[in-house]
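Student: Okay, here's the structure, questions in a sec.
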Amino acid sequence: MFYVYAIKSIKRNYIYVGLTNNLARRFAEHNNKKERTTRVFAPFRILLAKRFTTRIKARQKEKYFKSGVGKEYLKTL
C-alpha cells in the first residue's frame, strides 16, 4: 500500500504533500525534525491521507495535490 498525505504546520501557514509506504513512520519523521525540508515548520497535523494499491496511482494523486488546483483544495480542508 502507498499513501499520499498532506500535513499542515501547526505554527505556520505551510502545507507539505508527500508519498510513502509507511504513513506513521513518515509523519513521525516530519514531527521529529528528521526531514530537512520541513524541519523549520514542525510540528504538524495530518490534513489528508489517501491510500492507493499502486505507486503509479499514488504518484498521480500526489502530483495533483502539488499543483495549483490541488493546493487550493487542500487549503479548504
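By order of appearance in the C-alpha cells: chains A, B, ..., then residues from 1 within every chain, and ligands from 1 in the order shown.
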I want to know what sits within 8 Å of region 58-72 of chain A, based on only C-alpha atoms, with residues of the same chain fewer than 5 positions away left out; could you give that as a list in words?

Tutor: Phe2, Tyr3, Val4, Tyr5, Val17, Gly18, Leu19, Arg51, Phe52 and Thr53 of chain A

Student: Grab the CA of Ala24 (chain A) to CA of Ile10 (chain A) distance for me, in Å with one decimal place.

Tutor: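 Going from CA of Ala24 (chain A) over to CA of Ile10 (chain A) covers 17.8 Å.
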
Student: Can you list every residue in chain A that DSSP puts in helix (DSSP H, G or I), as a ChimeraX atom specification?

Tutor: /A:23-31,39-41,55-66,68-76

Student: Report as a PyMOL selection string: the residues of chain A with a DSSP assignment of strand (DSSP E or B), based on the backbone of this structure.

Tutor: chain A and resi 2-9+15-20+44-52

Student: Using the selection just defined, write its residues with N, CA and C atoms as a PDB file, in the first residue's frame.

Tutor:
```
ATOM      1  N   PHE A   2       0.378   2.259  -0.675  1.00  0.00           N
ATOM      2  CA  PHE A   2       1.056   3.546  -0.738  1.00  0.00           C
ATOM      3  C   PHE A   2       0.091   4.627  -0.273  1.00  0.00           C
ATOM      4  N   TYR A   3       0.637   5.640   0.354  1.00  0.00           N
ATOM      5  CA  TYR A   3      -0.175   6.722   0.894  1.00  0.00           C
ATOM      6  C   TYR A   3       0.297   8.057   0.336  1.00  0.00           C
ATOM      7  N   VAL A   4      -0.654   8.868  -0.056  1.00  0.00           N
ATOM      8  CA  VAL A   4      -0.388  10.267  -0.378  1.00  0.00           C
ATOM      9  C   VAL A   4      -0.943  11.038   0.812  1.00  0.00           C
ATOM     10  N   TYR A   5      -0.122  11.916   1.356  1.00  0.00           N
ATOM     11  CA  TYR A   5      -0.538  12.621   2.559  1.00  0.00           C
ATOM     12  C   TYR A   5      -0.246  14.105   2.426  1.00  0.00           C
ATOM     13  N   ALA A   6      -1.007  14.876   3.158  1.00  0.00           N
ATOM     14  CA  ALA A   6      -0.777  16.311   3.270  1.00  0.00           C
ATOM     15  C   ALA A   6      -0.738  16.629   4.753  1.00  0.00           C
ATOM     16  N   ILE A   7       0.315  17.315   5.161  1.00  0.00           N
ATOM     17  CA  ILE A   7       0.435  17.723   6.559  1.00  0.00           C
ATOM     18  C   ILE A   7       0.489  19.240   6.612  1.00  0.00           C
ATOM     19  N   LYS A   8      -0.057  19.777   7.687  1.00  0.00           N
ATOM     20  CA  LYS A   8      -0.106  21.234   7.847  1.00  0.00           C
ATOM     21  C   LYS A   8       0.637  21.612   9.116  1.00  0.00           C
ATOM     22  N   SER A   9       1.477  22.620   9.001  1.00  0.00           N
ATOM     23  CA  SER A   9       2.208  23.114  10.155  1.00  0.00           C
ATOM     24  C   SER A   9       1.229  23.723  11.154  1.00  0.00           C
ATOM     25  N   ILE A  15       1.846  23.896   4.031  1.00  0.00           N
ATOM     26  CA  ILE A  15       1.295  22.570   3.752  1.00  0.00           C
ATOM     27  C   ILE A  15       2.317  21.796   2.945  1.00  0.00           C
ATOM     28  N   TYR A  16       2.592  20.575   3.377  1.00  0.00           N
ATOM     29  CA  TYR A  16       3.535  19.697   2.677  1.00  0.00           C
ATOM     30  C   TYR A  16       2.776  18.484   2.170  1.00  0.00           C
ATOM     31  N   VAL A  17       3.050  18.084   0.932  1.00  0.00           N
ATOM     32  CA  VAL A  17       2.417  16.914   0.326  1.00  0.00           C
ATOM     33  C   VAL A  17       3.509  15.900   0.030  1.00  0.00           C
ATOM     34  N   GLY A  18       3.255  14.641   0.402  1.00  0.00           N
ATOM     35  CA  GLY A  18       4.250  13.604   0.158  1.00  0.00           C
ATOM     36  C   GLY A  18       3.624  12.260  -0.142  1.00  0.00           C
ATOM     37  N   LEU A  19       4.492  11.290  -0.414  1.00  0.00           N
ATOM     38  CA  LEU A  19       4.100   9.931  -0.769  1.00  0.00           C
ATOM     39  C   LEU A  19       4.970   8.976   0.040  1.00  0.00           C
ATOM     40  N   THR A  20       4.359   7.937   0.607  1.00  0.00           N
ATOM     41  CA  THR A  20       5.111   6.985   1.410  1.00  0.00           C
ATOM     42  C   THR A  20       4.415   5.630   1.423  1.00  0.00           C
ATOM     43  N   PHE A  44       3.490  19.270  13.073  1.00  0.00           N
ATOM     44  CA  PHE A  44       2.476  19.139  12.035  1.00  0.00           C
ATOM     45  C   PHE A  44       1.251  18.392  12.534  1.00  0.00           C
ATOM     46  N   ARG A  45       0.171  18.547  11.759  1.00  0.00           N
ATOM     47  CA  ARG A  45      -1.005  17.695  11.924  1.00  0.00           C
ATOM     48  C   ARG A  45      -1.338  17.154  10.545  1.00  0.00           C
ATOM     49  N   ILE A  46      -1.930  15.969  10.507  1.00  0.00           N
ATOM     50  CA  ILE A  46      -2.288  15.373   9.231  1.00  0.00           C
ATOM     51  C   ILE A  46      -3.550  16.044   8.716  1.00  0.00           C
ATOM     52  N   LEU A  47      -3.460  16.568   7.519  1.00  0.00           N
ATOM     53  CA  LEU A  47      -4.582  17.242   6.873  1.00  0.00           C
ATOM     54  C   LEU A  47      -5.379  16.255   6.028  1.00  0.00           C
ATOM     55  N   LEU A  48      -4.666  15.349   5.357  1.00  0.00           N
ATOM     56  CA  LEU A  48      -5.303  14.417   4.442  1.00  0.00           C
ATOM     57  C   LEU A  48      -4.389  13.214   4.242  1.00  0.00           C
ATOM     58  N   ALA A  49      -4.978  12.032   4.158  1.00  0.00           N
ATOM     59  CA  ALA A  49      -4.221  10.815   3.846  1.00  0.00           C
ATOM     60  C   ALA A  49      -5.104   9.922   2.979  1.00  0.00           C
ATOM     61  N   LYS A  50      -4.591   9.551   1.824  1.00  0.00           N
ATOM     62  CA  LYS A  50      -5.322   8.671   0.906  1.00  0.00           C
ATOM     63  C   LYS A  50      -4.462   7.456   0.616  1.00  0.00           C
ATOM     64  N   ARG A  51      -5.105   6.289   0.548  1.00  0.00           N
ATOM     65  CA  ARG A  51      -4.400   5.027   0.338  1.00  0.00           C
ATOM     66  C   ARG A  51      -4.605   4.548  -1.092  1.00  0.00           C
ATOM     67  N   PHE A  52      -3.532   4.012  -1.687  1.00  0.00           N
ATOM     68  CA  PHE A  52      -3.558   3.500  -3.051  1.00  0.00           C
ATOM     69  C   PHE A  52      -2.885   2.141  -3.105  1.00  0.00           C
TER      70      PHE A  52
END
```
